[in-house]
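Student: Starting off with a structure, shown below.
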Amino acid sequence: MNRGDLVKMKYEMYWRLKSNPRIDYTEDVASVITCGSHIMEIMWPDGKIEQRDKDLFEVVNEAG
């Protein structure tokens with residue numbers, strides 16, 4: 001994952017996150033702002049910026 005990629009949560013995360021009330025599953029697509037080794041900063045369509053674990057997401061569209 002690189003800066004500018006569009007990502008969404010993996011479908012299998014729905015079942016893993018169902019027992020964790022702090023993280024909600026969503027099918028929204030987000031844009032990667034920065035990406036580290038385990039954590040990435042993403043921006044949701046509503047403009048909210050969050051840091052999330054990279055393992056929760058998959059790339060939908062790579063930045064050119």
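Just so we're on the same page: first chain in the structure tokens is A, next is B, and so on; residues restart at 1 for each chain, and ligands are numbered from 1 in the order they show up.
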Would you list the contacts of Ile33 of chain A as JSON, numbers by chain, taking every protein, DNA or RNA residue within 9 Å and counting only C-alpha atoms, but skipping same-chain residues closer than 6 positions in sequence?
Tutor: {"A": [2, 3, 4, 5, 40, 41, 42, 43, 49]}
Student: How would the residues just picked look written out with all heavy atoms as a PDB file, in the first residue's frame?
Tutor:
```
ATOM      1  N   ASN A   2       0.493   2.167  -0.842  1.00  0.00           N
ATOM      2  CA  ASN A   2       1.242   3.410  -0.983  1.00  0.00           C
ATOM      3  C   ASN A   2       0.314   4.604  -0.857  1.00  0.00           C
ATOM      4  O   ASN A   2      -0.906   4.461  -0.913  1.00  0.00           O
ATOM      5  CB  ASN A   2       1.942   3.449  -2.347  1.00  0.00           C
ATOM      6  CG  ASN A   2       2.955   2.348  -2.492  1.00  0.00           C
ATOM      7  OD1 ASN A   2       3.740   2.107  -1.594  1.00  0.00           O
ATOM      8  ND2 ASN A   2       2.914   1.658  -3.625  1.00  0.00           N
ATOM      9  N   ARG A   3       0.921   5.758  -0.727  1.00  0.00           N
ATOM     10  CA  ARG A   3       0.162   6.996  -0.626  1.00  0.00           C
ATOM     11  C   ARG A   3      -0.691   7.187  -1.877  1.00  0.00           C
ATOM     12  O   ARG A   3      -0.228   7.008  -3.005  1.00  0.00           O
ATOM     13  CB  ARG A   3       1.130   8.162  -0.475  1.00  0.00           C
ATOM     14  CG  ARG A   3       0.449   9.465  -0.319  1.00  0.00           C
ATOM     15  CD  ARG A   3       1.433  10.565  -0.129  1.00  0.00           C
ATOM     16  NE  ARG A   3       0.699  11.809   0.044  1.00  0.00           N
ATOM     17  CZ  ARG A   3       1.232  12.922   0.443  1.00  0.00           C
ATOM     18  NH1 ARG A   3       2.518  12.973   0.679  1.00  0.00           N
ATOM     19  NH2 ARG A   3       0.496  13.993   0.587  1.00  0.00           N
ATOM     20  N   GLY A   4      -1.954   7.514  -1.668  1.00  0.00           N
ATOM     21  CA  GLY A   4      -2.866   7.744  -2.782  1.00  0.00           C
ATOM     22  C   GLY A   4      -3.686   6.534  -3.189  1.00  0.00           C
ATOM     23  O   GLY A   4      -4.636   6.668  -3.959  1.00  0.00           O
ATOM     24  N   ASP A   5      -3.350   5.349  -2.702  1.00  0.00           N
ATOM     25  CA  ASP A   5      -4.131   4.154  -3.023  1.00  0.00           C
ATOM     26  C   ASP A   5      -5.517   4.246  -2.394  1.00  0.00           C
ATOM     27  O   ASP A   5      -5.698   4.850  -1.339  1.00  0.00           O
ATOM     28  CB  ASP A   5      -3.454   2.888  -2.483  1.00  0.00           C
ATOM     29  CG  ASP A   5      -2.201   2.504  -3.259  1.00  0.00           C
ATOM     30  OD1 ASP A   5      -1.948   3.097  -4.313  1.00  0.00           O
ATOM     31  OD2 ASP A   5      -1.496   1.586  -2.787  1.00  0.00           O
ATOM     32  N   MET A  40      -1.378   2.665   8.995  1.00  0.00           N
ATOM     33  CA  MET A  40      -1.514   3.643   7.920  1.00  0.00           C
ATOM     34  C   MET A  40      -2.534   4.687   8.336  1.00  0.00           C
ATOM     35  O   MET A  40      -3.416   4.438   9.154  1.00  0.00           O
ATOM     36  CB  MET A  40      -1.920   2.976   6.620  1.00  0.00           C
ATOM     37  CG  MET A  40      -3.262   2.333   6.622  1.00  0.00           C
ATOM     38  SD  MET A  40      -3.553   1.590   5.018  1.00  0.00           S
ATOM     39  CE  MET A  40      -5.115   0.834   5.320  1.00  0.00           C
ATOM     40  N   GLU A  41      -2.383   5.865   7.783  1.00  0.00           N
ATOM     41  CA  GLU A  41      -3.312   6.959   8.023  1.00  0.00           C
ATOM     42  C   GLU A  41      -4.191   7.064   6.790  1.00  0.00           C
ATOM     43  O   GLU A  41      -3.683   7.161   5.672  1.00  0.00           O
ATOM     44  CB  GLU A  41      -2.537   8.253   8.252  1.00  0.00           C
ATOM     45  CG  GLU A  41      -3.365   9.366   8.818  1.00  0.00           C
ATOM     46  CD  GLU A  41      -2.498  10.541   9.226  1.00  0.00           C
ATOM     47  OE1 GLU A  41      -1.940  11.204   8.334  1.00  0.00           O
ATOM     48  OE2 GLU A  41      -2.376  10.769  10.446  1.00  0.00           O
ATOM     49  N   ILE A  42      -5.503   7.002   6.998  1.00  0.00           N
ATOM     50  CA  ILE A  42      -6.442   7.020   5.881  1.00  0.00           C
ATOM     51  C   ILE A  42      -7.465   8.132   6.057  1.00  0.00           C
ATOM     52  O   ILE A  42      -7.732   8.577   7.170  1.00  0.00           O
ATOM     53  CB  ILE A  42      -7.171   5.665   5.725  1.00  0.00           C
ATOM     54  CG1 ILE A  42      -7.870   5.280   7.030  1.00  0.00           C
ATOM     55  CG2 ILE A  42      -6.211   4.587   5.280  1.00  0.00           C
ATOM     56  CD1 ILE A  42      -8.705   4.031   6.920  1.00  0.00           C
ATOM     57  N   MET A  43      -8.016   8.565   4.924  1.00  0.00           N
ATOM     58  CA  MET A  43      -9.073   9.578   4.947  1.00  0.00           C
ATOM     59  C   MET A  43     -10.334   8.970   4.345  1.00  0.00           C
ATOM     60  O   MET A  43     -10.319   8.460   3.225  1.00  0.00           O
ATOM     61  CB  MET A  43      -8.680  10.823   4.162  1.00  0.00           C
ATOM     62  CG  MET A  43      -9.739  11.903   4.234  1.00  0.00           C
ATOM     63  SD  MET A  43      -9.237  13.520   3.609  1.00  0.00           S
ATOM     64  CE  MET A  43      -8.854  13.155   1.921  1.00  0.00           C
ATOM     65  N   ILE A  49     -10.070  11.643   9.267  1.00  0.00           N
ATOM     66  CA  ILE A  49      -8.758  11.011   9.126  1.00  0.00           C
ATOM     67  C   ILE A  49      -8.505  10.117  10.343  1.00  0.00           C
ATOM     68  O   ILE A  49      -8.695  10.551  11.474  1.00  0.00           O
ATOM     69  CB  ILE A  49      -7.651  12.071   8.986  1.00  0.00           C
ATOM     70  CG1 ILE A  49      -7.864  12.860   7.712  1.00  0.00           C
ATOM     71  CG2 ILE A  49      -6.274  11.423   9.007  1.00  0.00           C
ATOM     72  CD1 ILE A  49      -6.924  14.022   7.515  1.00  0.00           C
TER      73      ILE A  49
END
```
Student: Give the alpha helix (DSSP H) residues of chain A, as assigned by DSSP on the backbone, as a ChimeraX atom specification.
Tutor: /A:13-17
Student: Selected residues, C-alpha atoms, written as a PDB file, in the first residue's frame, please.
Tutor:
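Result file follows (result21.pdb):
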```
ATOM      1  CA  MET A  13     -12.676  -8.500   9.035  1.00  0.00           C
ATOM      2  CA  TYR A  14     -16.447  -8.257   9.539  1.00  0.00           C
ATOM      3  CA  TRP A  15     -16.392 -11.475  11.573  1.00  0.00           C
ATOM      4  CA  ARG A  16     -13.219 -10.597  13.479  1.00  0.00           C
ATOM      5  CA  LEU A  17     -14.377  -7.084  14.362  1.00  0.00           C
TER       6      LEU A  17
END
```
Student: Got a sec: who's within 12 Å of segment 24-26 of chain A, counting only C-alpha atoms, leaving out chain neighbours fewer than 3 positions off, as a list in words?
Tutor: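 Using only C-alpha atoms, the neighbours found are Val7, Lys8, Met9, Lys10, Tyr11, Glu12, Met13, Tyr14, Trp15, Arg16, Leu17, Lys18, Ser19, Asn20, Pro21, Val29, Ala30, Trp44, Pro45, Arg52, Leu56 and Phe57 of chain A.
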Student: Tell me which protein, DNA and RNA residues are within 10 Å of Asp53 of chain A, counting only C-alpha atoms, leaving out same-chain ones fewer than 6 positions away, and put them as a count of residues only.
Tutor: 7
Student: Within chain A, find each residue whose DSSP state, derived from the backbone, is strand (DSSP E), and express the selection as a PyMOL selection string.
Tutor: chain A and resi 6-9+30-35+39-43+49-53+57-61
Student: Record the distance separating atom CA of Asp28 of chain A and atom CA of Met1 of chain A, expressed in Å with one decimal.
Tutor: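 Distance reported for this atom pair: 17.0 Å.
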Student: As an exercise, work out the distance from atom CA of Ala63 of chain A to atom CA of Val32 of chain A in Å and give it to one decimal place.
Tutor: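 According to the coordinates, atom CA of Ala63 of chain A and atom CA of Val32 of chain A are separated by 9.6 Å.
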